[in-house]
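Written below as structure tokens is the structure these notes are about.
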Amino acid sequence: MEEWLVKAPTNKLREFLRGRFQGIGPYAADSATREAELPPDLPLALWKEADDALESRLVQATVGLLEEIPGPGWTSDAIEWLCFFIDLADIKDVRVKDTLIAIARRGLWLKGTDDGPRCHVALLRTLLDMNWAEEREFWLHLPEAVKERFPGIVFRGLLTLGELDAAFSYLPEGIRNQKHAQQIIDVLADVMDDADRRRQVLEQLRYALPQLSRAASAHLAKWFRIFGWGDLAASASEPAPLPSRLPRPAIAGAGLKPEWALSA
Amino acid sequence: MGFEDAIRRSGWDAARQREADQVLGELRKGLECADYPPNAHQVYENQDSDPLIPDTAPPSRPASRVDLLGELLKGKADPDADLKVVADEFCRRHKMEGPGNPQSAGRLLGRVWAFDGLNKLYQKAGRAGSRRRPGVREHIINRASLRDQQDVLGDLRLAAPHVDAMWSFYDPSVPDDPLRGLPSGRAATVDILGLGKYHSSKERLVQWGHRLPRGQKAKKPTAWDAGASNPFWRPGGRTRPLSADGGGTGAFAAADGLPEVVHAPVTGRDLAVRISFVVD
């Protein structure tokens, strides 16, 4: 690690991180090389080597960056890299979390950025990785512009709360195409290694699948098969059930607990 | 040809030429790679000797050595300026300016990259899952067919978003599968492709083949493409095996490298040979 970086004061670190994530100026990652370094690589290496003092300066720099969004150079790409850095570094500092929560509650990145829904979702993903899940109504009442493109975030938020019924009941309303279905697969990938959870997911999808569009349910079935998660096609071909609010004994009996929290 | 000739032919007055001579010495020092024992000044020598780079300002691209010297002289006016940084930025601004490579036209191109890089791009791509967990991404590589990979990766650019150049190799003897020309195993792959940065790391690597979208052309890489800190690259349009310097697996000579090109980044839809892990 370059020495100047390890000794850099907060304002210099902020400048360095800004350059990295925005891909502008002398601190931008040189990603057009054979090995194609990505923007968060060097900041992450720095974070991993940091002593307490450097860690504190990095946290302050990160909070400073969060507070300058929306602002010049903060494209949705740059914002995603910043959020990604916070996730991968696993920054637990309460100043970062509180800043993110304030931004999320006020929907600050929904306006003034080049792609509000995408930036808001980047922020929510980071908060979910910090085990912040707000409450059911928050997810169900996300702005339509967010839900339309990113129904997976609603699903993940509800799942993280342990609101399994609500999460799967949301699928027929939220998932309308293959891209949406892929978001669900990405979310479920975090839990499918656990046999118990996998059984519960299959059980829930048995009810939800027949209510999805053909393209979405075919996509889910295909990737469940590829990943060896189970045969959804068989479930989907069964007579459609019923109202989505049916009692679900298998789930109710499973005694769902907060460990469904995807980021725990 | 070279920086000294460039200064002589620059048309600058004597005082500026002296200044440029001085800046050249600083550039050579600034581009030093202490961790490349065969030649700490390799990057400088690449920029000095690449036949694709003209000495003086050409009517068209690529940018010339005089262009770089001009930037360095300008940078020197700022007492805080770091000439290495100035050179680095210059290289970034002058990517993909080499001539076209007609030999690569119509061929499938190959790429070897860190799994972590591909994974990060996938994780970042605006979906809803946790960015910390790689589950799906490994499944996609291990279990999905080419068609399914094209389908699931879709419009995902297989390079950083702000980047306009991607490096690929090809094998002239196997036009329809660039990976077939690679030796087997991670160490030998890293060796023949001259991927020095992966040599000492244990990073998992992935490989794939892609087809350039219609209308897109591959170019021969120049020293500006190689950047200001890659001593493993050499002018001439072929990879240079690490073995040629006494590193790598020791199995290859400099002449054993594969032709390589730079081109605009491709997406998941352009995949032509499925992504797989490079395994030993």
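As shown in the structure tokens, the chain order sets the letters A, B, ...; within each chain, residues go from 1, and ligands are also counted from 1 in the order they appear.
Every residue of stretch 28-128 of chain B with a DSSP assignment of strand (DSSP E or B), taken from the backbone, is listed as Gly100, Leu109, Gly110, Arg111, Val112, Trp113 and Ala114 of chain B.
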Now that the selection is made, can you save its residues with N, CA and C atoms as an mmCIF file, in the first residue's frame?
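Printed below is selection.cif as written:
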data_model
loop_
_atom_site.group_PDB
_atom_site.id
_atom_site.type_symbol
_atom_site.label_atom_id
_atom_site.label_comp_id
_atom_site.auth_asym_id
_atom_site.auth_seq_id
_atom_site.Cartn_x
_atom_site.Cartn_y
_atom_site.Cartn_z
ATOM 1 N N GLY B 100 -5.991 -0.634 -36.516
ATOM 2 C CA GLY B 100 -6.847 -1.824 -36.476
ATOM 3 C C GLY B 100 -6.022 -3.088 -36.660
ATOM 4 N N LEU B 109 -12.605 -13.955 -29.720
ATOM 5 C CA LEU B 109 -11.532 -13.450 -28.859
ATOM 6 C C LEU B 109 -11.670 -14.072 -27.478
ATOM 7 N N GLY B 110 -10.555 -14.216 -26.792
ATOM 8 C CA GLY B 110 -10.584 -14.812 -25.459
ATOM 9 C C GLY B 110 -10.174 -13.813 -24.399
ATOM 10 N N ARG B 111 -10.657 -14.066 -23.197
ATOM 11 C CA ARG B 111 -10.261 -13.178 -22.095
ATOM 12 C C ARG B 111 -10.121 -14.005 -20.827
ATOM 13 N N VAL B 112 -9.105 -13.680 -20.040
ATOM 14 C CA VAL B 112 -8.926 -14.290 -18.713
ATOM 15 C C VAL B 112 -8.913 -13.149 -17.714
ATOM 16 N N TRP B 113 -9.732 -13.272 -16.679
ATOM 17 C CA TRP B 113 -9.857 -12.172 -15.713
ATOM 18 C C TRP B 113 -10.109 -12.764 -14.336
ATOM 19 N N ALA B 114 -9.926 -11.934 -13.313
ATOM 20 C CA ALA B 114 -10.179 -12.391 -11.945
ATOM 21 C C ALA B 114 -11.677 -12.653 -11.769
#
Handout entry: 6 Å contacts from chain A to chain B using only C-alpha atoms, as a list in words
Key =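 Close enough to count are Ala32, Arg34, Gly152, Ile153, Gln183, Asp186, Val187 and Ala189 of chain A.
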Can you spit out the residues from that selection as a tab-separated table (two decimals), in the first residue's frame, using N, CA and C atoms?
chain	number	residue	atom	x	y	z
A	32	ALA	N	-8.78	-0.19	-17.60
A	32	ALA	CA	-8.64	-0.59	-19.00
A	32	ALA	C	-7.32	-1.32	-19.23
A	34	ARG	N	-5.03	-5.14	-18.75
A	34	ARG	CA	-5.33	-6.57	-18.87
A	34	ARG	C	-6.03	-7.09	-17.63
A	152	GLY	N	-37.43	-6.90	-6.63
A	152	GLY	CA	-36.61	-7.78	-5.79
A	152	GLY	C	-36.24	-7.15	-4.47
A	153	ILE	N	-36.14	-5.83	-4.44
A	153	ILE	CA	-35.74	-5.17	-3.19
A	153	ILE	C	-36.90	-5.21	-2.19
A	183	GLN	N	-34.10	-11.09	-10.27
A	183	GLN	CA	-33.84	-10.43	-8.98
A	183	GLN	C	-34.23	-11.34	-7.82
A	186	ASP	N	-31.58	-13.93	-7.36
A	186	ASP	CA	-30.40	-13.37	-6.70
A	186	ASP	C	-30.63	-13.25	-5.19
A	187	VAL	N	-31.83	-12.86	-4.83
A	187	VAL	CA	-32.12	-12.73	-3.39
A	187	VAL	C	-32.15	-14.12	-2.74
A	189	ALA	N	-30.70	-16.75	-3.60
A	189	ALA	CA	-29.40	-17.43	-3.58
A	189	ALA	C	-28.74	-17.33	-2.22
Exercise for the section: For B:Ser49, work out the shell of residues within 9 Å, counting only C-alpha atoms and skipping chain neighbours fewer than 4 positions away, then give it as a list of chain:residue names. Expected result: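 Using only C-alpha atoms, the neighbours found are B:Met1, B:Gly2, B:Phe3, B:Tyr44, B:Glu45, B:Ile53, B:Ala223, B:Pro235.
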Practice task
Could you find all residues in stretch 112-238 of chain A that DSSP calls helix (DSSP H, G or I) from the backbone, and write them as a PyMOL selection string?
Solution key: chain A and resi 116-129+136-140+144-149+151-160+164-174+178-188+195-211+214-227+232-236
Handout entry: Pairwise distance for atom CA of B:Gln216 and atom CA of B:Leu156, rounded to one decimal in Å
Key =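 Pair atom CA of B:Gln216 / atom CA of B:Leu156 returns 17.4 Å.
Distances from B:Thr222, B:Arg157, B:Gly247, B:Pro172 to B:Asp191 were compared using only C-alpha atoms, and the smallest one belongs to B:Gly247.
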Practice task
Write out as a list of chain:residue names which residues come within 9 Å of B:Ala187 when counting only C-alpha atoms, dropping same-chain ones fewer than 2 positions away.
Solution key: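 Non-adjacent residues within range: B:Ser184, B:Gly185, B:Thr189, B:Val190, B:Asp191, B:Ile192, B:His199, B:Gly248, B:Thr249, B:Asp280.
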Using N, CA and C atoms, can you write the selected residues to a file as a short mmCIF file (atom, residue, chain, number, x, y, z; two decimals), in the first residue's frame?
data_model
loop_
_atom_site.label_atom_id
_atom_site.label_comp_id
_atom_site.auth_asym_id
_atom_site.auth_seq_id
_atom_site.Cartn_x
_atom_site.Cartn_y
_atom_site.Cartn_z
N SER B 184 -2.99 -25.90 -20.47
CA SER B 184 -3.91 -26.24 -19.39
C SER B 184 -3.34 -25.83 -18.02
N GLY B 185 -4.24 -25.37 -17.16
CA GLY B 185 -3.86 -25.01 -15.80
C GLY B 185 -3.67 -23.52 -15.60
N THR B 189 -1.57 -20.74 -17.87
CA THR B 189 -2.39 -19.70 -18.51
C THR B 189 -1.86 -18.31 -18.17
N VAL B 190 -1.61 -18.10 -16.87
CA VAL B 190 -1.08 -16.81 -16.42
C VAL B 190 0.27 -16.55 -17.08
N ASP B 191 1.06 -17.61 -17.19
CA ASP B 191 2.39 -17.49 -17.79
C ASP B 191 2.30 -17.04 -19.24
N ILE B 192 1.57 -17.78 -20.05
CA ILE B 192 1.59 -17.50 -21.49
C ILE B 192 0.94 -16.15 -21.82
N HIS B 199 0.30 -13.60 -11.06
CA HIS B 199 1.30 -14.67 -10.87
C HIS B 199 1.49 -15.00 -9.39
N GLY B 248 7.09 -17.24 -14.29
CA GLY B 248 6.04 -18.14 -14.76
C GLY B 248 6.37 -19.59 -14.51
N THR B 249 5.93 -20.43 -15.43
CA THR B 249 6.18 -21.87 -15.26
C THR B 249 7.52 -22.26 -15.87
N ASP B 280 -6.50 -25.78 -12.14
CA ASP B 280 -5.22 -26.49 -12.29
C ASP B 280 -5.44 -27.95 -12.58
#
Handout entry: Residues near B:Gly237, cut-off 9 Å, only C-alpha atoms, skip fewer than 6 positions along chain, as an MDAnalysis selection string
Key = chainID B and resid 220:222 258:261
Could you write those residues out with C-alpha atoms, as a PDB file, in the first residue's frame?
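Output contents, as saved in selection-v7.pdb:
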ATOM      1  CA  LYS B 220      -3.429  -3.297 -31.774  1.00  0.00           C
ATOM      2  CA  PRO B 221      -2.476  -2.218 -28.260  1.00  0.00           C
ATOM      3  CA  THR B 222       0.044   0.579 -27.813  1.00  0.00           C
ATOM      4  CA  LEU B 258      -0.600 -15.094 -28.212  1.00  0.00           C
ATOM      5  CA  PRO B 259      -1.714 -12.153 -30.348  1.00  0.00           C
ATOM      6  CA  GLU B 260      -3.724  -9.660 -28.347  1.00  0.00           C
ATOM      7  CA  VAL B 261      -5.983  -6.729 -29.090  1.00  0.00           C
TER       8      VAL B 261
END
Practice task
Would you kindly return, as a PyMOL selection string, each protein, DNA or RNA residue with an atom no farther than 12 Å from any atom of A:Val63, considering only C-alpha atoms and excluding same-chain residues fewer than 2 positions away?
Solution key: chain A and resi 10-11+13-14+17-18+56-61+65-69+82-83+86+91+93-103
Handout entry: Of the listed residues A:Arg156, A:Lys7, A:Arg198, A:Arg106, that which approaches A:Leu46 most closely, counting only C-alpha atoms
Key =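 Selected residue with least distance to A:Leu46: A:Lys7.
Shortest separation to A:Ala89 among A:Asp114, A:Asp129, A:Asp52, A:Asp193 occurs at residue A:Asp129, atoms counted being only C-alpha atoms.
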Practice task
May I have the residues within 7 Å of stretch 8-21 of chain B as a count of residues only, using only C-alpha atoms and disregarding those fewer than 2 positions away in the same chain?
Solution key: 10
